Each structure stands twice: as structure tokens, then as C-alpha cells.
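J.: Sharing a structure with you now.
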Amino acid sequence: MSATRPIVRGTVGCVASSNYMATIAGLQVLLEGGNAFDVAAATGFALHVVEPHVNGLGGEAPAILYSAKKRKAFALSGQGYAPARATLEYFRANRIDIIPGDGFLPATVPASFDLWITLLSKFGTMTLSQVVRPALRLAEEGFPVYPTLAQNILAHSKRFSKEWPTTARIYLPNGKPPRIGQRLVQRDLASTLRTLIHTEARFKNRQKGLASAREYFYSGPIAKQIINFTARKTIRDATRKFHSGLLQVQDLSEFKTRVESPVSVDFRELRVYKCGPWSQGPVFLQQLRLLEEYNLQRLGHNSARYIHLLTELSKLAFEDRERYYGDPLFTPVPMKRLLSREYAAARRKLFDRRAASVDTPIAEITRTSRKPELGFDGDTTHLDVADHEGNMVSITPSGGWIWASPIIEGLGFALSTRGQMFWLDASHPNCLAPHKRPRTTLSPTLVTLKNRPYMAFGTPGGDQQDQWTLQFFLNHTEFGMDLQSAIDAATFHNSHFPSSFYPRAAEPGVLYVEGRIPSAVRTELRRMGHKLVTEGDWVNGRVTSVRVDRVNGMIEAAASSRYQTAYAAGV
């Protein structure tokens with residue numbers, strides 16, 4: 001197939017993100033001399049402004065990066081933990097058997113801002129003021145509302161106007177949802193960003209300035225305002241009851257982004273890195289282990305046999321996610337065994353090349369599956385950056401969705417509801433505990449070739465992230481597609497396992513395919529027993545990627561044309 005867009009190339013650097021305005025913000029900082037990590041922070045802050053329905057300053061942003069200076073890959077958790085008061089006993093006493101997906105109860109500590117501060121202080125070269133400036137302009141002067149943002153605000157406008165006045169004041173200008181093309185201004189968020197910049201500016205030393213801004217957010221007025229608002233305010237959530245928040249100032253002041261060693265496996269001549277089992281990232285690696293013994297080219301790209309193989313092996317990997325993954329600071333996760341070739345060989349024997357598995361051994365599905373009521377209704381965003389120095393970074397910001405929790409009065413952002421991913425079953429590895437990270441779906445990827453950065457990529461999409469990005473990766477590495485063609489190729493995914501989001505519904509045996517998958521292939525998949533659902537032609541994910549082309553001395557970037565907002569740029 002022909003690509004929908006040309007490959008973007010540059011010699012200084014490239015940036016790709018889920019929104020063109022954020023990509024421009026990153027490019028501006030790149031042109032001003034920032035390295036990949038400075039550019040990533042600028043892009044991320046801009047995404048908080050222009051995509052408030054899919055991420056925000058009160059959300060989370062797991063990252064994986066390669067530092068040319070340190071010649072090493074790192075994972076930055078970027079995931080907030082549960083409040084100290086969020087205990088099993090609390091939820092049992094309140095007769096809550098599953099954490100809702102909205103309101104204050106699932107709130108985790110805002111992690112995004114500390115992620116950007118950590119990225120700048122440990123790997124960047126610029127000040128907070130320098131990287132925030134493009135986002136501040138977008139918040140103060142406004143930006144044009146685009147279709148998906150307009151649709152999201154419209155869908156939740158009744159709740160905003162009736163229940164969440166702090167949100168309505170910003171996102172229902174003149175009492176009505178904004179039209180496509182209308183300017184949207186976020187004065188409170190701009191004020192928050194400007195205050196953080198002014199706090200930093202009191203210090204000439206860059207590190208002290210960054211630390212000062214961080215303290216203002218996590219121990220000072222911003223933390224206190226978050227707690228005051230969520231403690232005195234009770235809001236209705238998916239439990240159909242009214243609750244206030246569980247966060248306390250101490251939860252924020254004690255929080256710190258963890259800089260960790262990523263988990264990784266070799267695939268062909270490449271090394272693939274993911275965040276640890278506090279994310280679903282290792283699922284990607286387990287799928288690679290399962291697939292490495294197959295000649296995928298012989299099966300044929302997006303043939304029935306190929307789709308069947310990837311689907312069935314992904315079910316095995318996601319089954320392990322449910323059985324074993326959780327915050328390794330609280331739960332022992334047998335990661336070495338799960339990523340071993342011996343384990344993959346044993347699991348591979350469960351694959352039936354003729355028939356789809358339509359039953360799941362994860363018993364919890366039956367108990368927790370229920371009709372969604374105020375359930376997951378959002379998405380995520382993503383960014384990738386590479387520079388000429390050899391730095392590369394992939395980050396997946398999410399949470400702080402304006403439709404899931406009200407805007408904190410005076411601050412201009414909402415809190416994350418990522419706590420909904422915790423289980424309230426003491427035997428589950430992802431069971432709730434104070435200051436424990438929920439097992440997030442956010443899953444950025446970084447790849448090296450001969451110990452040098454090769455490519456980075458990711459996508460929004462909840463549980464589906466590591467299915468769509470796996471297909472992209474194989475399209476490029478196994479089938480020789482360039483980045484854009486690999487992104488544009490038709491996708492598929494299954495929802496055989498419990499959703500990570502409230503209310504944890506599962507669809508055993510169901511396989512979703514984009515409509516561009518040929519009808520003959522779909523017929524064969526049905527014959528194999530897959531419960532097929534045909535979707536629109538261009539609906540799954542917004543993959544973005546950067547890659548180093550060492551042959552031509554170039555950096556490449558590409559972004560999905562799905563939903564029209566993701567763009568790549570380079571210089």
C-alpha cells in the first residue's frame with residue numbers, strides 16, 4: 001500500500017506526537033538548541049494544554065529513553081501512586097467492590113509534572129521556563145478546537161454544566177460546548193504554568209530552580225489547593241454515590257519519579273526495551289518471545305494465518321499480565337522467567353494453529369464483567385523524539401482527563417483516575433495498597449541496534465497499545481515497510497482479557513479488525529472461530545515513531561493519519 005504521508009527527515013532532530021500543535025512546540029525548542037529531552041518536555045507540556053480530554057498536568061507520563069552521554073537506556077516511572085488512605089479496608093467499609101473510573105476515589109498522585117522535572121534535571125539542558133513557554137502561549141492565547149476535542153466536550157457537557165462548575169467555566173464558554181475552529185483559552189492552567197516559571201526564576205542555578213518549582217507543586221500551594229478542593233468537595237461517581245478525595249499533602253510531598261532499569265529482550269538483531277511490570281509493557285516483550293520461532297514473512301502480511309497467530313499468542317501474553325503483573329516494589333513478579341525462551345516454548349505449545357480460543361482461564365472475568373456505567377470513555381496521547389547527539393525518548397502521557405474528574409478550582413487541570421486499575425482482591429498482584437503504583441496500560445517503546453538507539457514508538461489505546469505497536473514494529477522489521485507505511489497498515493486487536501479500566505469488561509474470543517482487512521481474510525478468521533467485529537477503515541490507534549537512519553545520516557519520523565491530529569516534524 002502507498003503511505004498516506006511522506007516520511008519526515010532531519011539531521012538535527014525529529015519529533016512526533018499525537019497533536020500537531022504539540023509537535024510544533026517541540027520543534028520550536030529543538031530549533032532553540034534543546035536536546036531530545038528538552039524537546040520531549042516542551043511537547044508534553046503542550047499536549048497537556050491542547051489535548052485535555054486525553055491527558056493533563058494532573059495525570060501520568062511513563063517514559064523510556066536512551067542517553068547518549070550515559071550510553072544507557074532508562075525507564076522513568078512517571079506513574080503516580082495510591083494515597084496512604086486508599087486501603088482495602090476503606091473500600092470494604094464503604095461496600096465498594098470495584099474502584100470507579102471517575103471522580104475522586106481513583107485519584108493517584110499527579111505524576112506528569114515530576115516526570116518533566118526529572119527529565120530536565122537528569123537528562124535535559126534547558127530551564128523549565130524555556131520548555132514551558134510554547135505551552136503557556138497555547139493556554140493563554142488559546143488554540144482552535146478540533147473535531148475529537150469538540151466531540152468529547154459535547155458528550156460530557158451535561159455533566160459539566162450540572163455537576164462540575166469548575167470544568168464548565170473553562171470548557172463550556174458562554175454556557176455552550178465550543179464549536180470546531182473556535183478558540184479555547186485556559187486561563188487558570190496558564191496561571192499555574194506561569195507561577196511555576198516564576199518560582200523557578202528566583203534561582204540562577206538551573207537545578208535549584210527546577211527543584212523549587214517541583215517543591216511548589218508537590219509540597220506548596222498547588223498541593224494544598226488540590227487537597228483542599230478534593231477534601232471539601234463531594235462528587236457523584238460510578239458507584240452512584242458522592243465521595244470526597246483520599247489524597248493528602250503528604251502523599252504528594254513524598255512522591256518521586258523513579259529512574260529504573262528497563263526490561264528488555266533481543267529480537268533478531270535488535271534489543272527492545274519496555275517499562276517494568278508496573279506497566280503492561282512486558283506484554284510486548286512476551287509476544288516477541290512467542291513469535292521469534294515463526295517465519296512471519298512466509299505466513300504473509302495480514303493473512304488469516306498471520307492475524308490468527310498474533311491474536312492467539314497475544315492472548316497468552318495478556319493472560320500472564322493478569323496473573324503476574326503489578327508494582328514490583330510490592331509484588332514479586334517473575335520477570336526473568338516470563339521473558340525466558342524456555343517459558344515461551346512451553347506457552348507456545350498451547351497455540352492451536354487451526355482454531356481460536358474463545359474461553360479464558362482468568363476466572364475473575366465472570367465476577368467483574370458488567371455493563372459500563374460512566375466507564376472508560378477516553379484515550380491517551382504519545383510523543384517520540386530523537387536528536388543528532390544520539391538521544392532518544394518515548395513518552396506516553398495520559399490521565400487527568402477533563403471528563404473523568406472535575407477541574408481543580410484555580411489550577412486548570414484535573415486529577416488522574418488511574419487508581420481504577422487496582423483490584424480489591426488481596427490475592428491479585430495488582431491489588432490496591434497505599435503508595436503502590438497501579439499497573440498502567442501506558443507503554444512507550446525504545447529499540448537499539450548494536451547498543452545504539454535505533455527507533456522509538458508508541459500509541460494511545462489503553463489495553464490495545466501493545467497489540468497495535470507490535471503490528472507496527474513487525475510491519476517495519478519483518479516486512480520491510482518504512483515508518484509511515486508500517487503505521488498506515490490495517491490493524492486488528494482482541495479484547496479476550498479483562499479490561500484494565502472500570503468496569504473491567506472482557507470479550508472472550510472477540511477479534512476487532514479494521515475494515516481494510518480483505519473480506520476473504522475475515523471469512524477465514526470466522527471459520528477459525530474468531531468472533532469478528534469489523535470496524536471503520538482507519539480507527540485504531542495514533543502510532544508515532546522516530547528512527548535513526550545510520551546509512552544516510554538522517555533521523556526519520558512518522559505519525560498516524562488516523563483522527564487527523566498526529567504529526568511529525570524534523571529539522
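If you're wondering about the labels, chains in the C-alpha cells are A, B, ... by order shown, residues count from 1 in each chain, ligands from 1 in order shown.
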DSSP on the backbone: what in range 277-472 of chain A comes out alpha helix (DSSP H), as number ranges by chain?

T.: A: 282-291, 296-299, 304-324, 335-338, 341-348, 364-368, 465-472

J.: Between A:Glu319, A:Asp387, A:Asp549, A:Asp463, which residue has the minimum interatomic distance to Ser67 in chain A, considering only C-alpha atoms?

T.: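 Among the listed residues, the smallest separation from Ser67 in chain A belongs to A:Asp387.
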
J.: Residues at most 7 Å from Ala456 in chain A, counting only C-alpha atoms, excluding those fewer than 5 positions away in the same chain, as number ranges by chain?

T.: A: 384, 393-394, 445-447, 545-547

J.: What does the structure give for the distance between CA of Ala41 in chain A and CA of Val131 in chain A, in Å to one decimal?

T.: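 CA of Ala41 in chain A sits 6.4 Å away from CA of Val131 in chain A.
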
J.: Skipping near chain neighbours, those fewer than 3 positions away, what residues fall within 10 Å of Ile117 in chain A using only C-alpha atoms, listed as a ChimeraX atom specification?

T.: /A:41,112-114,120-124,127-128,207,210-211,213-214,257

J.: Would you export the selected residues with N, CA and C atoms as a CSV table (one decimal), in the first residue's frame, please?

T.:
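So the final result, stored in out.csv, reads:
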```csv
chain,number,residue,atom,x,y,z
A,41,ALA,N,9.9,17.4,26.9
A,41,ALA,CA,9.2,18.1,27.9
A,41,ALA,C,8.3,19.2,27.3
A,112,SER,N,2.8,13.6,36.2
A,112,SER,CA,3.3,14.2,35.0
A,112,SER,C,4.4,15.3,35.3
A,113,PHE,N,4.0,16.3,36.2
A,113,PHE,CA,4.9,17.4,36.4
A,113,PHE,C,6.3,16.9,36.9
A,114,ASP,N,6.3,16.0,37.8
A,114,ASP,CA,7.5,15.5,38.4
A,114,ASP,C,8.3,14.7,37.3
A,120,LEU,N,14.2,16.9,32.8
A,120,LEU,CA,15.0,18.0,32.6
A,120,LEU,C,16.2,18.0,33.5
A,121,SER,N,16.0,17.7,34.8
A,121,SER,CA,17.1,17.8,35.8
A,121,SER,C,18.2,16.8,35.5
A,122,LYS,N,17.8,15.6,35.1
A,122,LYS,CA,18.8,14.5,35.0
A,122,LYS,C,19.3,14.3,33.6
A,123,PHE,N,18.5,14.7,32.6
A,123,PHE,CA,18.9,14.5,31.2
A,123,PHE,C,18.9,15.7,30.3
A,124,GLY,N,18.1,16.7,30.6
A,124,GLY,CA,18.0,17.9,29.8
A,124,GLY,C,19.1,18.9,30.0
A,127,THR,N,16.0,25.2,31.0
A,127,THR,CA,15.2,25.6,32.2
A,127,THR,C,13.7,25.2,32.0
A,128,LEU,N,12.9,25.2,33.1
A,128,LEU,CA,11.5,25.0,32.9
A,128,LEU,C,10.9,26.0,32.1
A,207,GLN,N,19.4,23.7,38.4
A,207,GLN,CA,18.9,22.6,39.2
A,207,GLN,C,18.1,23.1,40.4
A,210,LEU,N,14.7,24.2,39.1
A,210,LEU,CA,13.8,23.1,38.9
A,210,LEU,C,13.3,22.5,40.2
A,211,ALA,N,14.1,22.3,41.1
A,211,ALA,CA,13.7,21.8,42.4
A,211,ALA,C,12.7,22.7,43.1
A,213,ALA,N,10.5,24.7,41.7
A,213,ALA,CA,9.2,24.6,41.0
A,213,ALA,C,8.6,23.3,41.4
A,214,ARG,N,9.4,22.2,41.6
A,214,ARG,CA,8.8,20.9,42.0
A,214,ARG,C,8.2,21.0,43.4
A,257,THR,N,9.5,10.6,41.1
A,257,THR,CA,9.6,9.7,39.9
A,257,THR,C,10.8,8.8,40.0
```

J.: Write out as a PyMOL selection string each polymer residue whose atoms come within 8 Å of range 98-108 of chain A, counting only C-alpha atoms; drop sequence neighbours fewer than 4 positions from it.

T.: chain A and resi 80-83+230+235-239+243-247+374-376+404-406+415-424+501-503

J.: Quick one: residues within 10 Å of range 73-75 of chain A, only C-alpha atoms, excluding same-chain residues fewer than 6 positions away - as JSON, numbers by chain?

T.: {"A": [62, 63, 64, 65, 66, 67, 258, 259, 260, 261, 262, 263, 273, 274, 275, 276, 391, 392, 393, 394, 395, 444, 445, 446, 447, 448, 451, 452, 453]}

J.: Take the residues that were just selected and, keeping N, CA and C atoms, output them as a PDB file, in the first residue's frame.

T.:
```pdb
ATOM      1  N   PRO A  62       4.563   7.788  31.788  1.00  0.00           N
ATOM      2  CA  PRO A  62       5.696   6.847  31.752  1.00  0.00           C
ATOM      3  C   PRO A  62       6.602   7.107  30.554  1.00  0.00           C
ATOM      4  N   ALA A  63       7.903   6.970  30.768  1.00  0.00           N
ATOM      5  CA  ALA A  63       8.873   7.282  29.717  1.00  0.00           C
ATOM      6  C   ALA A  63       9.945   6.213  29.649  1.00  0.00           C
ATOM      7  N   ILE A  64      10.494   6.049  28.451  1.00  0.00           N
ATOM      8  CA  ILE A  64      11.673   5.210  28.273  1.00  0.00           C
ATOM      9  C   ILE A  64      12.610   5.968  27.344  1.00  0.00           C
ATOM     10  N   LEU A  65      13.897   5.978  27.667  1.00  0.00           N
ATOM     11  CA  LEU A  65      14.820   6.836  26.927  1.00  0.00           C
ATOM     12  C   LEU A  65      16.198   6.202  26.805  1.00  0.00           C
ATOM     13  N   TYR A  66      16.956   6.740  25.857  1.00  0.00           N
ATOM     14  CA  TYR A  66      18.365   6.393  25.711  1.00  0.00           C
ATOM     15  C   TYR A  66      19.175   7.678  25.831  1.00  0.00           C
ATOM     16  N   SER A  67      20.131   7.684  26.766  1.00  0.00           N
ATOM     17  CA  SER A  67      21.003   8.837  26.968  1.00  0.00           C
ATOM     18  C   SER A  67      22.328   8.587  26.275  1.00  0.00           C
ATOM     19  N   ARG A 258      10.571   7.519  39.789  1.00  0.00           N
ATOM     20  CA  ARG A 258      11.637   6.514  39.875  1.00  0.00           C
ATOM     21  C   ARG A 258      12.363   6.413  38.531  1.00  0.00           C
ATOM     22  N   VAL A 259      13.691   6.444  38.579  1.00  0.00           N
ATOM     23  CA  VAL A 259      14.519   6.200  37.395  1.00  0.00           C
ATOM     24  C   VAL A 259      15.014   4.758  37.513  1.00  0.00           C
ATOM     25  N   GLU A 260      14.550   3.913  36.602  1.00  0.00           N
ATOM     26  CA  GLU A 260      14.749   2.474  36.731  1.00  0.00           C
ATOM     27  C   GLU A 260      15.467   1.894  35.509  1.00  0.00           C
ATOM     28  N   SER A 261      15.947   0.674  35.673  1.00  0.00           N
ATOM     29  CA  SER A 261      16.454  -0.083  34.533  1.00  0.00           C
ATOM     30  C   SER A 261      15.255  -0.686  33.810  1.00  0.00           C
ATOM     31  N   PRO A 262      15.153  -0.503  32.492  1.00  0.00           N
ATOM     32  CA  PRO A 262      14.030  -1.089  31.766  1.00  0.00           C
ATOM     33  C   PRO A 262      14.183  -2.603  31.653  1.00  0.00           C
ATOM     34  N   VAL A 263      13.093  -3.284  31.292  1.00  0.00           N
ATOM     35  CA  VAL A 263      13.171  -4.702  30.953  1.00  0.00           C
ATOM     36  C   VAL A 263      13.352  -4.791  29.445  1.00  0.00           C
ATOM     37  N   TYR A 273      13.291  -2.427  24.479  1.00  0.00           N
ATOM     38  CA  TYR A 273      13.179  -2.021  25.879  1.00  0.00           C
ATOM     39  C   TYR A 273      11.758  -1.551  26.206  1.00  0.00           C
ATOM     40  N   LYS A 274      11.306  -1.951  27.394  1.00  0.00           N
ATOM     41  CA  LYS A 274       9.996  -1.518  27.886  1.00  0.00           C
ATOM     42  C   LYS A 274      10.097  -1.168  29.369  1.00  0.00           C
ATOM     43  N   CYS A 275       9.102  -0.429  29.863  1.00  0.00           N
ATOM     44  CA  CYS A 275       8.986  -0.191  31.299  1.00  0.00           C
ATOM     45  C   CYS A 275       8.649  -1.512  31.988  1.00  0.00           C
ATOM     46  N   GLY A 276       8.879  -1.574  33.295  1.00  0.00           N
ATOM     47  CA  GLY A 276       8.702  -2.806  34.056  1.00  0.00           C
ATOM     48  C   GLY A 276       7.255  -3.212  34.251  1.00  0.00           C
ATOM     49  N   ASN A 391      20.509  10.981  21.436  1.00  0.00           N
ATOM     50  CA  ASN A 391      19.493  10.834  22.472  1.00  0.00           C
ATOM     51  C   ASN A 391      18.159  10.456  21.842  1.00  0.00           C
ATOM     52  N   MET A 392      17.386   9.659  22.559  1.00  0.00           N
ATOM     53  CA  MET A 392      16.077   9.244  22.056  1.00  0.00           C
ATOM     54  C   MET A 392      15.144   9.038  23.240  1.00  0.00           C
ATOM     55  N   VAL A 393      13.875   9.391  23.069  1.00  0.00           N
ATOM     56  CA  VAL A 393      12.914   9.256  24.173  1.00  0.00           C
ATOM     57  C   VAL A 393      11.523   8.981  23.630  1.00  0.00           C
ATOM     58  N   SER A 394      10.801   8.147  24.360  1.00  0.00           N
ATOM     59  CA  SER A 394       9.414   7.808  24.035  1.00  0.00           C
ATOM     60  C   SER A 394       8.590   7.934  25.308  1.00  0.00           C
ATOM     61  N   ILE A 395       7.508   8.720  25.261  1.00  0.00           N
ATOM     62  CA  ILE A 395       6.699   9.010  26.450  1.00  0.00           C
ATOM     63  C   ILE A 395       5.221   8.906  26.097  1.00  0.00           C
ATOM     64  N   PRO A 444       5.309   3.034  26.362  1.00  0.00           N
ATOM     65  CA  PRO A 444       6.261   3.508  25.352  1.00  0.00           C
ATOM     66  C   PRO A 444       7.315   2.438  25.061  1.00  0.00           C
ATOM     67  N   THR A 445       7.940   2.519  23.885  1.00  0.00           N
ATOM     68  CA  THR A 445       8.916   1.509  23.460  1.00  0.00           C
ATOM     69  C   THR A 445      10.165   2.177  22.896  1.00  0.00           C
ATOM     70  N   LEU A 446      11.319   1.581  23.186  1.00  0.00           N
ATOM     71  CA  LEU A 446      12.592   2.028  22.623  1.00  0.00           C
ATOM     72  C   LEU A 446      13.370   0.808  22.141  1.00  0.00           C
ATOM     73  N   VAL A 447      14.045   0.967  21.003  1.00  0.00           N
ATOM     74  CA  VAL A 447      14.769  -0.138  20.384  1.00  0.00           C
ATOM     75  C   VAL A 447      16.192   0.319  20.066  1.00  0.00           C
ATOM     76  N   THR A 448      17.161  -0.552  20.356  1.00  0.00           N
ATOM     77  CA  THR A 448      18.552  -0.261  19.992  1.00  0.00           C
ATOM     78  C   THR A 448      19.064  -1.284  18.991  1.00  0.00           C
ATOM     79  N   ASN A 451      23.704  -1.683  20.376  1.00  0.00           N
ATOM     80  CA  ASN A 451      23.839  -0.828  21.565  1.00  0.00           C
ATOM     81  C   ASN A 451      23.737   0.664  21.266  1.00  0.00           C
ATOM     82  N   ARG A 452      23.182   1.013  20.123  1.00  0.00           N
ATOM     83  CA  ARG A 452      22.938   2.419  19.784  1.00  0.00           C
ATOM     84  C   ARG A 452      21.463   2.610  19.494  1.00  0.00           C
ATOM     85  N   PRO A 453      20.888   3.776  19.812  1.00  0.00           N
ATOM     86  CA  PRO A 453      19.446   3.965  19.609  1.00  0.00           C
ATOM     87  C   PRO A 453      19.046   3.795  18.155  1.00  0.00           C
TER      88      PRO A 453
END
```

J.: I'd like the contact shell of Ile402 in chain A - 7 Å cut-off, only C-alpha atoms, skipping same-chain residues fewer than 5 positions apart - returned as a PyMOL selection string.

T.: chain A and resi 52-53+407+414

J.: Find, counting only C-alpha atoms, the residue in A:Gly56, A:Glu89, A:Gln287, A:Arg5 that gets nearest to Leu309 in chain A.

T.: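 Looking only at the distances to Leu309 in chain A, the closest residue turns out to be A:Gln287.
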